[in-house]
Structures are given as structure tokens and as C-alpha cells.
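Read the structure below first, then the notes.
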Amino acid sequence: MRTHPHLYEINTWPWLESLSRRTGREVTLESVPDAEWSRLRDLGIDLVYLMGVWRRSATGRQLARSEPALFGAYDEATPGWRARDVAGSAFCIAGYEADDRMGGRAALDAARAALHSRGMRLIVDFIPNHVGFDHPWVAAHPDWFVNGTEDEFRRSPAAFRPIELRSGDVRFIACARDPFFPPWTDVAQLDHGNAEMRAALLAALRYVADQADGARCDMAMLVLSDVFADTWQHLRAGPPLPTEFWTDAVSAVPPDFLLLAEAYWDLEWRLQELGFQFTYDKRLYDRLLHGSAEDVRAHLGAEARYQNRSARFIENHDETRSAAAFGVRADAAAVVVSTLPGLRFYYDGQFEGRRIHAPVQLGVVGDEPIDVRVSDRYRRLLAVVDAPVFHEGDWRLSGIAGGEASRDLVAWQWRNDTAWRLIVVNLGGGVAEGRVDVSGQLPAGDPLAFDDVLNGGRYPWPRADLAEGLYVRLDPGSAHILSAGAVTENRGGRP
């Protein structure tokens with residue numbers, strides 16, 4: 001796998017439904033047309049994340065079909081939806097076996113083989129914090145879950161589910177939660193202070209590792225010992241286990257099994273230190289969407305080890321579609337996440353400019369027309385960043401001079417033994433200009449030609465004029481990806 005790989009996420013259930021409609025037959029993971037996998041390979045994808053392949057909870061499906069708060073999102077994503085179109089949350093599972101809709105284990109194995117034959121690897125979900133309420137563990141091992149008393153249930157009925165055991169006893173199992181939000185009423189909270197539960201969960205992870213090449217670990221920070229204790233101290237007071245769950249998890253899987261953490265709250269570095277190869281870079285996403293170029297520059301000033309293990313994205317199954325969220329800055333944001341070190345994370349439909357966000361409970365989503373401009377833009381961008389320099393080269397942030405006029409510009413460089421690339425983006429709402437420091441990085445020759453390998457165009461400069469930096473002027477939301485070489489002909493103006 002390349003050092004800075006490209007990951008492509010697919011919401012598997014509605015994707016299979018879409019393929020079934022298109023081909024006129026039911027498509028499972030075993031019968032996905034070869035052209036679909038080859039298309040991803042040709043786009044330069046290294047890792048395919050099939051989100052939602054595991055057996056879904058029937059209880060969770062019923063809850064998803066009867067929760068009015070979700071109906072508005074269903075209406076937007078699939079006008080005219082019916083109850084049968086709601087599959088239940090991909091993160092409310094009853095077991096780590098491929099769902100029947102996927103085609104079962106044999107179909108998952110076939111998809112993995114198809115990816116391997118094209119030089120790609122399979123990523124799936126691992127959900128360490130919770131399971132569906134009809135998961136076999138709930139009835140067989142209620143002590144593996146956070147329990148409340150009947151009085152606590154009566155005070156907060158939405159935070160628990162009464163579960164009747166075979167003995168006739170009733171247990172009040174806590175609904176899982178993020179401490180900053182209301183409980184997720186369709187999933188049961190695992191007790192990460194229970195050693196037996198941990199052993200069983202590690203066995204489940206080993207089973208996942210037998211079926212795939214890596215796992216995207218849902219809400220990974222929730223099971224850190226102190227986070228779990230702070231979230232659930234009002235219900236349980238037992239001591240934490242002597243080692244972090246993720247320390248044991250890393251030891252439980254093969255060394256080449258990739259672990260990607262969904263992580264927030266500035267806990268990314270800590271999870272990297274525990275062994276995750278990559279962690280979500282939600283802070284970069286937020287700064288690209290709501291912050292300034294200065295915020296982005298500051299974020300990219302972190303040390304190289306952190307940068308190299310960050311997963312960059314502008315959309316995934318949780319976020320608003322980038323074409324809708326970023327507006328005029330969507331192209332610049334796409335260039336940013338495609339040319340930074342780390343894992344570059346893309347979502348199915350992103351390359352086609354889809355604007356409708358589909359809830360993870362839906363098994364069917366409506367069709368959208370392809371935005372030809374966005375599709376063409378990504379086709380060119382992905383071809384450019386497939387070059388080895390962006391995957392095995394050395395990266396560094398570049399300084400920019402120019403005062404107020406340059407405040408919206410951010411720039412960085414990649415270099416290996418045979419290539420050099422300079423990326424400059426305008427993250428603001430107006431025209432920006434400045435001089436980018438290229439000292440010590442340029443090849444021999446005078447004058448030099450800077451070719452924009454993304455947009456076309458050649459910009460010749462006398463070497464002496466570069467002493468104070470390469471002058472760049474960009475419209476809002478625009479970007480350059482420049483190479484440099486000795487001038488052989490003059491085909492244009494200046495960047």
C-alpha cells in the first residue's frame with residue numbers, strides 16, 4: 001500500500017440497490033459488475049471501504065422505520081420512500097457476519113478477491129462501543145453492558161431499554177451515547193470495564209480481520225478508559241481495565257491490518273500513539289468549511305508524524321455533501337484534501353457532484369444527475385495526484401508573502417528524486433495574490449517554466465525574479481498544482 005493512500009467509501013446497501021436497478025437483476029457483493037471495481041482502480045483508489053456490510057439489527061430496523069424525527073431526512077434523500085426502503089442503521093448490528101442483502105460471507109470474500117486482483121484492499125466497519133439490542137450478547141450476557149436500575153430507567157426512560165431475560169428478570173440496559181448528545185436509542189452500550197466483554201469484542205475483531213484488510217473503527221475515542229469512565233461514572237463505579245482497549249486491539253490483529261479511527265475532541269494523536277495507522281482529521285474539515293486560511297495553515301504546522309497519519313476528507317456518510325456545503329470553495333477544498341500527506345478519504349458520489357445526503361438507515365437512495373463540471377474536475381485532479389511524488393515524496397508547508405492580499409492563500413510542496421510539485425489554493429471569497437517561497441526547491445535552468453498540471457497553462461519566470469518568491473494570483477476557490485522545468489517554449493502568461 002502506498003504511504004499516502006486513497007480510500008473510497010461506499011454506502012453498500014443502497015449502492016447494491018442502485019446497481020440492481022441499473023442492471024435489472026439483484027446484485028450482491030459477489031455479482032458486482034467488474035467494471036465497477038475497475039473504475040475505482042483506474043481512479044487511483046487503494047482502499048475500498050464498504051460501509052454497512054454486517055448483519056443489521058431487526059430491532060434497529062423497526063425503530064428506524066418508526067422514528068418520525070428521521071422521516072424528513074428520508075424524504076429528502078428518497079422522495080416517496082416506503083418502510084421497506086429503510087434497512088436500519090449500518091451501525092446497529094446483530095453480528096459481524098455479512099448481511100444476507102450483501103450475499104453472505106461468500107459474497108464478501110468474492111468482493112475482497114476482486115479488489116485484491118486489482119491491487120486494492122477491503123476496509124469494513126468495526127463498532128467497539130455498542131451493538132443492536134437483539135445482538136445475542138444482550139440476552140446471554142447482560143453484564144457485558146452498562147446497566148441501570150429501575151428507578152434510573154423511570155427517571156430517564158429514553159436512556160434505557162428494559163430487557164427480559166429467560167429467567168424472567170428484567171435488566172435495564174443503557175442506550176449507547178456520545179456524552180455531548182442524547183442517547184442512541186437503537187443500540188446497547190457495551191461495558192468497557194468488563195474483562196469478559198473485552199475478550200469477546202477482541203475475538204469479534206479478529207473475526208473481522210479474517211474477512212477484510214482493515215477496519216474503520218466507529219467513534220473510536222468513546223472506548224478510551226477515561227472517556228468511557230467520564231461518560232458512564234453515574235451508572236458504574238468499577239475500576240478501568242489495566243490496559244487500553246485499543247492497545248489490546250492492535251495486538252489482536254495482523255500487523256498489516258489497517259486501523260482507521262473515527263475520532264474527535266483532539267484525541268487523534270493519542271489514538272495514533274495507541275497504534276492507529278490513521279485517524280479522522282475533522283479539525284481540518286471544520287477549518288476548511290468554517291475557518292480561515294490562517295486556521296488551515298496553523299493546523300498544517302503540526303509535526304510530520306501526525307500529518308502522515310491523518311485521514312483528510314470533505315465528505316463522508318456523516319457530513320453534508322461537499323458540493324452543497326462548500327459552494328465556490330469546493331474545488332479548492334478538494335485540491336487540499338487530495339494533496340496533503342496522510343490518507344485521502346473520498347465518498348461515493350463525491351466525484352459526480354452529488355448534493356443529497358443519505359441517512360445511514362436507508363437502503364435505497366434517489367438518483368441524481370451527474371454534475372459534468374465536477375466530474376471532469378475530479379477526473380483531472382485524481383489523474384494528477386496519482387503520481388508517485390504525491391504518495392512517496394517529501395511534503396513541506398510553504399511560506400507566502402504579500403500582506404493582506406495573500407491572507408487567503410495556502411501553499412505546500414511535494415518533492416522526490418524525479419519530480420517537484422507546488423500546490424497553491426485560495427480559500428477565501430475574493431481574489432488573492434502573493435509570493436510563494438520556492439527557495440532551494442527548484443530545478444536547474446533559467447528561465448524556468450511553471451506548468452499548471454491541473455488546469456493547463458505555462459508560466460515562464462526568470463530565476464532572478466523568484467528570489468522573493470513565485471508570484472501567484474488566484475480567483476476565489478481556485479488552485480494551482482505546478483511543476484517546474486527549464487523553458488523550452490513560451491506558451492502563456494504568469495500564474
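Chains: A, B, ... in order of the C-alpha cells. Residues: from 1 per chain. Ligands: from 1, in order shown.
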
message: Give me, as a PyMOL selection string, the residues of stretch 214-370 of chain A that a backbone DSSP run labels alpha helix (DSSP H).
response: chain A and resi 225-232+245-252+268-274+282-290+293-299+304-308+322-325+330-339

List every residue of stretch 330-429 of chain A that has an atom at most 6 Å from any atom of stretch 85-101 of chain A, giving for each one its closest atom pair and the distance in Å to one decimal, counting only C-alpha atoms, sorted by chain and then by ascending residue number, as a tab-separated table.
residue	atom	partner	partner_atom	distance
A:Val360	CA	A:Ser89	CA	5.3
A:Gln361	CA	A:Ser89	CA	4.1
A:Leu362	CA	A:Val86	CA	4.5
A:Gly363	CA	A:Ala87	CA	5.0
A:Val364	CA	A:Asp85	CA	5.6

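Shortest separation to A:Glu17 among A:Pro341, A:Pro162, A:Gly366, A:Pro68 occurs at residue A:Gly366, atoms counted being only C-alpha atoms.
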
Could you write out, as a PDB file with N, CA, C and O atoms, in the first residue's frame, all the residues of stretch 240-469 of chain A that DSSP marks as strand (DSSP E)?
ATOM      1  N   LEU A 258      -5.138  -2.731   8.614  1.00  0.00           N
ATOM      2  CA  LEU A 258      -5.202  -1.278   8.778  1.00  0.00           C
ATOM      3  C   LEU A 258      -6.318  -0.885   9.739  1.00  0.00           C
ATOM      4  O   LEU A 258      -7.455  -1.344   9.591  1.00  0.00           O
ATOM      5  N   LEU A 259      -6.008  -0.025  10.687  1.00  0.00           N
ATOM      6  CA  LEU A 259      -6.989   0.504  11.624  1.00  0.00           C
ATOM      7  C   LEU A 259      -7.118   2.008  11.417  1.00  0.00           C
ATOM      8  O   LEU A 259      -6.155   2.759  11.573  1.00  0.00           O
ATOM      9  N   LEU A 260      -8.326   2.434  11.045  1.00  0.00           N
ATOM     10  CA  LEU A 260      -8.672   3.837  10.828  1.00  0.00           C
ATOM     11  C   LEU A 260      -9.662   4.252  11.902  1.00  0.00           C
ATOM     12  O   LEU A 260     -10.719   3.631  12.037  1.00  0.00           O
ATOM     13  N   ALA A 261      -9.337   5.273  12.666  1.00  0.00           N
ATOM     14  CA  ALA A 261     -10.181   5.708  13.775  1.00  0.00           C
ATOM     15  C   ALA A 261     -11.057   6.882  13.378  1.00  0.00           C
ATOM     16  O   ALA A 261     -10.542   7.911  12.927  1.00  0.00           O
ATOM     17  N   PHE A 278      -4.241   5.522  10.924  1.00  0.00           N
ATOM     18  CA  PHE A 278      -4.819   6.789  10.510  1.00  0.00           C
ATOM     19  C   PHE A 278      -5.969   7.163  11.442  1.00  0.00           C
ATOM     20  O   PHE A 278      -6.666   6.289  11.965  1.00  0.00           O
ATOM     21  N   THR A 279      -6.155   8.468  11.636  1.00  0.00           N
ATOM     22  CA  THR A 279      -7.279   8.977  12.418  1.00  0.00           C
ATOM     23  C   THR A 279      -7.966  10.086  11.630  1.00  0.00           C
ATOM     24  O   THR A 279      -7.321  10.840  10.889  1.00  0.00           O
ATOM     25  N   TYR A 280      -9.278  10.200  11.795  1.00  0.00           N
ATOM     26  CA  TYR A 280     -10.037  11.258  11.133  1.00  0.00           C
ATOM     27  C   TYR A 280      -9.437  12.629  11.436  1.00  0.00           C
ATOM     28  O   TYR A 280      -9.079  12.917  12.583  1.00  0.00           O
ATOM     29  N   SER A 310      -3.047  11.285   9.349  1.00  0.00           N
ATOM     30  CA  SER A 310      -4.360  11.925   9.384  1.00  0.00           C
ATOM     31  C   SER A 310      -5.160  11.558   8.137  1.00  0.00           C
ATOM     32  O   SER A 310      -4.607  11.498   7.039  1.00  0.00           O
ATOM     33  N   ALA A 311      -6.445  11.312   8.319  1.00  0.00           N
ATOM     34  CA  ALA A 311      -7.354  10.980   7.211  1.00  0.00           C
ATOM     35  C   ALA A 311      -8.098  12.244   6.811  1.00  0.00           C
ATOM     36  O   ALA A 311      -8.908  12.766   7.574  1.00  0.00           O
ATOM     37  N   ARG A 312      -7.823  12.735   5.603  1.00  0.00           N
ATOM     38  CA  ARG A 312      -8.367  14.011   5.133  1.00  0.00           C
ATOM     39  C   ARG A 312      -9.642  13.770   4.329  1.00  0.00           C
ATOM     40  O   ARG A 312      -9.673  12.903   3.458  1.00  0.00           O
ATOM     41  N   LEU A 343      -3.959   9.905   4.687  1.00  0.00           N
ATOM     42  CA  LEU A 343      -4.934   9.147   3.913  1.00  0.00           C
ATOM     43  C   LEU A 343      -5.930  10.111   3.288  1.00  0.00           C
ATOM     44  O   LEU A 343      -6.489  10.957   3.985  1.00  0.00           O
ATOM     45  N   ARG A 344      -6.159  10.012   1.968  1.00  0.00           N
ATOM     46  CA  ARG A 344      -7.137  10.865   1.279  1.00  0.00           C
ATOM     47  C   ARG A 344      -8.443  10.079   1.164  1.00  0.00           C
ATOM     48  O   ARG A 344      -8.487   9.020   0.546  1.00  0.00           O
ATOM     49  N   PHE A 345      -9.498  10.605   1.784  1.00  0.00           N
ATOM     50  CA  PHE A 345     -10.756   9.893   2.023  1.00  0.00           C
ATOM     51  C   PHE A 345     -11.839  10.495   1.134  1.00  0.00           C
ATOM     52  O   PHE A 345     -12.161  11.668   1.253  1.00  0.00           O
ATOM     53  N   TYR A 346     -12.403   9.672   0.233  1.00  0.00           N
ATOM     54  CA  TYR A 346     -13.463  10.123  -0.674  1.00  0.00           C
ATOM     55  C   TYR A 346     -14.725   9.291  -0.436  1.00  0.00           C
ATOM     56  O   TYR A 346     -14.664   8.167   0.064  1.00  0.00           O
ATOM     57  N   TYR A 347     -15.854   9.850  -0.835  1.00  0.00           N
ATOM     58  CA  TYR A 347     -17.150   9.203  -0.601  1.00  0.00           C
ATOM     59  C   TYR A 347     -17.872   8.994  -1.927  1.00  0.00           C
ATOM     60  O   TYR A 347     -17.840   9.873  -2.807  1.00  0.00           O
ATOM     61  N   ASP A 394       8.451  13.747  -0.323  1.00  0.00           N
ATOM     62  CA  ASP A 394       8.575  14.538   0.905  1.00  0.00           C
ATOM     63  C   ASP A 394       7.686  15.778   0.776  1.00  0.00           C
ATOM     64  O   ASP A 394       7.708  16.471  -0.245  1.00  0.00           O
ATOM     65  N   TRP A 395       6.949  16.081   1.840  1.00  0.00           N
ATOM     66  CA  TRP A 395       5.998  17.193   1.852  1.00  0.00           C
ATOM     67  C   TRP A 395       6.494  18.279   2.795  1.00  0.00           C
ATOM     68  O   TRP A 395       7.092  17.981   3.845  1.00  0.00           O
ATOM     69  N   ARG A 396       6.238  19.532   2.429  1.00  0.00           N
ATOM     70  CA  ARG A 396       6.509  20.615   3.373  1.00  0.00           C
ATOM     71  C   ARG A 396       5.587  21.797   3.078  1.00  0.00           C
ATOM     72  O   ARG A 396       5.221  22.045   1.919  1.00  0.00           O
ATOM     73  N   LEU A 397       5.212  22.496   4.126  1.00  0.00           N
ATOM     74  CA  LEU A 397       4.401  23.704   4.013  1.00  0.00           C
ATOM     75  C   LEU A 397       5.271  24.839   3.483  1.00  0.00           C
ATOM     76  O   LEU A 397       6.451  24.927   3.810  1.00  0.00           O
ATOM     77  N   SER A 398       4.692  25.704   2.658  1.00  0.00           N
ATOM     78  CA  SER A 398       5.442  26.809   2.043  1.00  0.00           C
ATOM     79  C   SER A 398       5.008  28.142   2.630  1.00  0.00           C
ATOM     80  O   SER A 398       3.807  28.373   2.857  1.00  0.00           O
ATOM     81  N   ILE A 400       4.297  32.219   2.475  1.00  0.00           N
ATOM     82  CA  ILE A 400       3.723  33.126   1.488  1.00  0.00           C
ATOM     83  C   ILE A 400       3.869  34.552   1.999  1.00  0.00           C
ATOM     84  O   ILE A 400       3.519  34.849   3.149  1.00  0.00           O
ATOM     85  N   ALA A 401       4.368  35.449   1.149  1.00  0.00           N
ATOM     86  CA  ALA A 401       4.481  36.866   1.475  1.00  0.00           C
ATOM     87  C   ALA A 401       3.497  37.648   0.615  1.00  0.00           C
ATOM     88  O   ALA A 401       3.168  37.245  -0.489  1.00  0.00           O
ATOM     89  N   LEU A 409      -4.395  32.671   0.885  1.00  0.00           N
ATOM     90  CA  LEU A 409      -3.609  31.670   0.176  1.00  0.00           C
ATOM     91  C   LEU A 409      -2.937  30.715   1.153  1.00  0.00           C
ATOM     92  O   LEU A 409      -2.457  31.114   2.212  1.00  0.00           O
ATOM     93  N   VAL A 410      -2.896  29.442   0.776  1.00  0.00           N
ATOM     94  CA  VAL A 410      -2.134  28.417   1.494  1.00  0.00           C
ATOM     95  C   VAL A 410      -1.368  27.632   0.440  1.00  0.00           C
ATOM     96  O   VAL A 410      -1.887  27.373  -0.655  1.00  0.00           O
ATOM     97  N   ALA A 411      -0.130  27.245   0.754  1.00  0.00           N
ATOM     98  CA  ALA A 411       0.698  26.551  -0.240  1.00  0.00           C
ATOM     99  C   ALA A 411       1.567  25.487   0.423  1.00  0.00           C
ATOM    100  O   ALA A 411       1.946  25.613   1.588  1.00  0.00           O
ATOM    101  N   TRP A 412       1.878  24.442  -0.334  1.00  0.00           N
ATOM    102  CA  TRP A 412       2.794  23.405   0.108  1.00  0.00           C
ATOM    103  C   TRP A 412       3.438  22.754  -1.099  1.00  0.00           C
ATOM    104  O   TRP A 412       3.019  22.958  -2.247  1.00  0.00           O
ATOM    105  N   GLN A 413       4.473  21.971  -0.841  1.00  0.00           N
ATOM    106  CA  GLN A 413       5.260  21.356  -1.910  1.00  0.00           C
ATOM    107  C   GLN A 413       5.454  19.870  -1.651  1.00  0.00           C
ATOM    108  O   GLN A 413       5.491  19.421  -0.507  1.00  0.00           O
ATOM    109  N   TRP A 414       5.588  19.129  -2.746  1.00  0.00           N
ATOM    110  CA  TRP A 414       5.992  17.722  -2.711  1.00  0.00           C
ATOM    111  C   TRP A 414       7.251  17.578  -3.571  1.00  0.00           C
ATOM    112  O   TRP A 414       7.367  18.202  -4.626  1.00  0.00           O
ATOM    113  N   ARG A 415       8.148  16.709  -3.138  1.00  0.00           N
ATOM    114  CA  ARG A 415       9.372  16.504  -3.896  1.00  0.00           C
ATOM    115  C   ARG A 415       9.861  15.076  -3.715  1.00  0.00           C
ATOM    116  O   ARG A 415       9.811  14.517  -2.614  1.00  0.00           O
ATOM    117  N   TRP A 420       8.857  17.565  -8.713  1.00  0.00           N
ATOM    118  CA  TRP A 420       8.543  18.613  -7.739  1.00  0.00           C
ATOM    119  C   TRP A 420       7.176  19.179  -8.092  1.00  0.00           C
ATOM    120  O   TRP A 420       6.855  19.392  -9.264  1.00  0.00           O
ATOM    121  N   ARG A 421       6.334  19.371  -7.077  1.00  0.00           N
ATOM    122  CA  ARG A 421       5.014  19.951  -7.286  1.00  0.00           C
ATOM    123  C   ARG A 421       4.767  21.018  -6.220  1.00  0.00           C
ATOM    124  O   ARG A 421       5.076  20.820  -5.030  1.00  0.00           O
ATOM    125  N   LEU A 422       4.199  22.128  -6.670  1.00  0.00           N
ATOM    126  CA  LEU A 422       3.800  23.202  -5.773  1.00  0.00           C
ATOM    127  C   LEU A 422       2.287  23.350  -5.854  1.00  0.00           C
ATOM    128  O   LEU A 422       1.741  23.514  -6.943  1.00  0.00           O
ATOM    129  N   ILE A 423       1.626  23.286  -4.702  1.00  0.00           N
ATOM    130  CA  ILE A 423       0.173  23.434  -4.629  1.00  0.00           C
ATOM    131  C   ILE A 423      -0.130  24.758  -3.948  1.00  0.00           C
ATOM    132  O   ILE A 423       0.396  25.033  -2.856  1.00  0.00           O
ATOM    133  N   VAL A 424      -0.947  25.573  -4.581  1.00  0.00           N
ATOM    134  CA  VAL A 424      -1.386  26.841  -4.005  1.00  0.00           C
ATOM    135  C   VAL A 424      -2.893  26.910  -4.139  1.00  0.00           C
ATOM    136  O   VAL A 424      -3.440  26.685  -5.230  1.00  0.00           O
ATOM    137  N   VAL A 425      -3.593  27.215  -3.039  1.00  0.00           N
ATOM    138  CA  VAL A 425      -5.055  27.290  -3.074  1.00  0.00           C
ATOM    139  C   VAL A 425      -5.512  28.616  -2.479  1.00  0.00           C
ATOM    140  O   VAL A 425      -4.879  29.155  -1.562  1.00  0.00           O
ATOM    141  N   ASN A 426      -6.604  29.124  -3.012  1.00  0.00           N
ATOM    142  CA  ASN A 426      -7.257  30.319  -2.471  1.00  0.00           C
ATOM    143  C   ASN A 426      -8.509  29.865  -1.742  1.00  0.00           C
ATOM    144  O   ASN A 426      -9.472  29.420  -2.369  1.00  0.00           O
ATOM    145  N   ALA A 432      -6.997  36.611  -4.544  1.00  0.00           N
ATOM    146  CA  ALA A 432      -5.851  36.662  -3.627  1.00  0.00           C
ATOM    147  C   ALA A 432      -4.567  36.578  -4.430  1.00  0.00           C
ATOM    148  O   ALA A 432      -4.514  35.919  -5.477  1.00  0.00           O
ATOM    149  N   GLU A 433      -3.532  37.251  -3.938  1.00  0.00           N
ATOM    150  CA  GLU A 433      -2.245  37.222  -4.614  1.00  0.00           C
ATOM    151  C   GLU A 433      -1.128  37.304  -3.587  1.00  0.00           C
ATOM    152  O   GLU A 433      -1.294  37.871  -2.501  1.00  0.00           O
ATOM    153  N   GLY A 434       0.009  36.727  -3.943  1.00  0.00           N
ATOM    154  CA  GLY A 434       1.160  36.765  -3.060  1.00  0.00           C
ATOM    155  C   GLY A 434       2.331  36.058  -3.697  1.00  0.00           C
ATOM    156  O   GLY A 434       2.254  35.555  -4.824  1.00  0.00           O
ATOM    157  N   ARG A 435       3.448  36.020  -2.963  1.00  0.00           N
ATOM    158  CA  ARG A 435       4.652  35.353  -3.444  1.00  0.00           C
ATOM    159  C   ARG A 435       4.935  34.134  -2.562  1.00  0.00           C
ATOM    160  O   ARG A 435       5.077  34.262  -1.347  1.00  0.00           O
ATOM    161  N   VAL A 436       5.032  32.979  -3.223  1.00  0.00           N
ATOM    162  CA  VAL A 436       5.234  31.708  -2.524  1.00  0.00           C
ATOM    163  C   VAL A 436       6.718  31.387  -2.497  1.00  0.00           C
ATOM    164  O   VAL A 436       7.405  31.417  -3.531  1.00  0.00           O
ATOM    165  N   LEU A 448      12.828  29.617 -15.956  1.00  0.00           N
ATOM    166  CA  LEU A 448      12.079  28.415 -15.608  1.00  0.00           C
ATOM    167  C   LEU A 448      10.641  28.545 -16.077  1.00  0.00           C
ATOM    168  O   LEU A 448      10.079  29.639 -16.091  1.00  0.00           O
ATOM    169  N   ALA A 449      10.049  27.411 -16.412  1.00  0.00           N
ATOM    170  CA  ALA A 449       8.630  27.386 -16.789  1.00  0.00           C
ATOM    171  C   ALA A 449       7.856  26.630 -15.716  1.00  0.00           C
ATOM    172  O   ALA A 449       8.231  25.517 -15.328  1.00  0.00           O
ATOM    173  N   PHE A 450       6.790  27.235 -15.237  1.00  0.00           N
ATOM    174  CA  PHE A 450       5.896  26.585 -14.271  1.00  0.00           C
ATOM    175  C   PHE A 450       4.644  26.141 -15.017  1.00  0.00           C
ATOM    176  O   PHE A 450       3.893  26.966 -15.541  1.00  0.00           O
ATOM    177  N   ASP A 451       4.444  24.835 -15.081  1.00  0.00           N
ATOM    178  CA  ASP A 451       3.294  24.266 -15.775  1.00  0.00           C
ATOM    179  C   ASP A 451       2.221  23.920 -14.765  1.00  0.00           C
ATOM    180  O   ASP A 451       2.487  23.223 -13.770  1.00  0.00           O
ATOM    181  N   ASP A 452       1.004  24.382 -15.000  1.00  0.00           N
ATOM    182  CA  ASP A 452      -0.124  24.017 -14.152  1.00  0.00           C
ATOM    183  C   ASP A 452      -0.669  22.687 -14.653  1.00  0.00           C
ATOM    184  O   ASP A 452      -1.378  22.626 -15.654  1.00  0.00           O
ATOM    185  N   ARG A 458       1.224  27.515 -19.075  1.00  0.00           N
ATOM    186  CA  ARG A 458       2.653  27.561 -18.735  1.00  0.00           C
ATOM    187  C   ARG A 458       3.015  28.996 -18.395  1.00  0.00           C
ATOM    188  O   ARG A 458       2.612  29.930 -19.078  1.00  0.00           O
ATOM    189  N   TYR A 459       3.833  29.158 -17.329  1.00  0.00           N
ATOM    190  CA  TYR A 459       4.174  30.479 -16.830  1.00  0.00           C
ATOM    191  C   TYR A 459       5.690  30.593 -16.695  1.00  0.00           C
ATOM    192  O   TYR A 459       6.267  30.083 -15.726  1.00  0.00           O
ATOM    193  N   PRO A 460       6.378  31.260 -17.653  1.00  0.00           N
ATOM    194  CA  PRO A 460       7.835  31.394 -17.572  1.00  0.00           C
ATOM    195  C   PRO A 460       8.251  32.515 -16.624  1.00  0.00           C
ATOM    196  O   PRO A 460       7.614  33.570 -16.571  1.00  0.00           O
ATOM    197  N   TRP A 461       9.340  32.258 -15.876  1.00  0.00           N
ATOM    198  CA  TRP A 461       9.885  33.262 -14.958  1.00  0.00           C
ATOM    199  C   TRP A 461      11.399  33.240 -15.008  1.00  0.00           C
ATOM    200  O   TRP A 461      12.020  32.181 -14.896  1.00  0.00           O
TER     201      TRP A 461
END

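Distance-wise, atom CA of A:Glu36 and atom CA of A:Asp371 end up 19.2 Å apart.
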
message: With only C-alpha atoms as the counted atoms, please give the residues lying no more than 12 Å from A:Phe276, apart from itself and same-chain residues fewer than 2 positions off, as number ranges by chain.
response: A: 214-217, 220-221, 246-251, 253, 255-263, 267-274, 278-280, 306, 308-311

message: Give me, as a VMD selection string, all polymer residues having an atom no more than 8 Å from stretch 183-193 of chain A, counting only C-alpha atoms and skipping those fewer than 2 positions away in the same chain.
response: chain A and resid 59 to 60 63 92 128 to 133 138 143 to 146 158 to 160 173 to 178 181 195 197 to 198 223 225 228 238 to 241 245

Given only C-alpha atoms as the counted atoms, nearest of A:His141, A:His391, A:Arg407, A:Arg379 to A:Val296: A:Arg407

task: Please indicate the distance in Å from atom CA of A:Ile10 to atom CA of A:Met120, rounded to one decimal place.
output: 14.2 Å

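Across A:Asp134, A:Pro443, A:Arg355, A:Ala323, the tightest approach to A:Glu164 is made by A:Asp134 when counting only C-alpha atoms.
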
message: Taking only C-alpha atoms into account, name the residue in A:Gly291, A:Gly403, A:Gly168, A:Gly477 that is nearest to A:Asp331.
response: A:Gly477
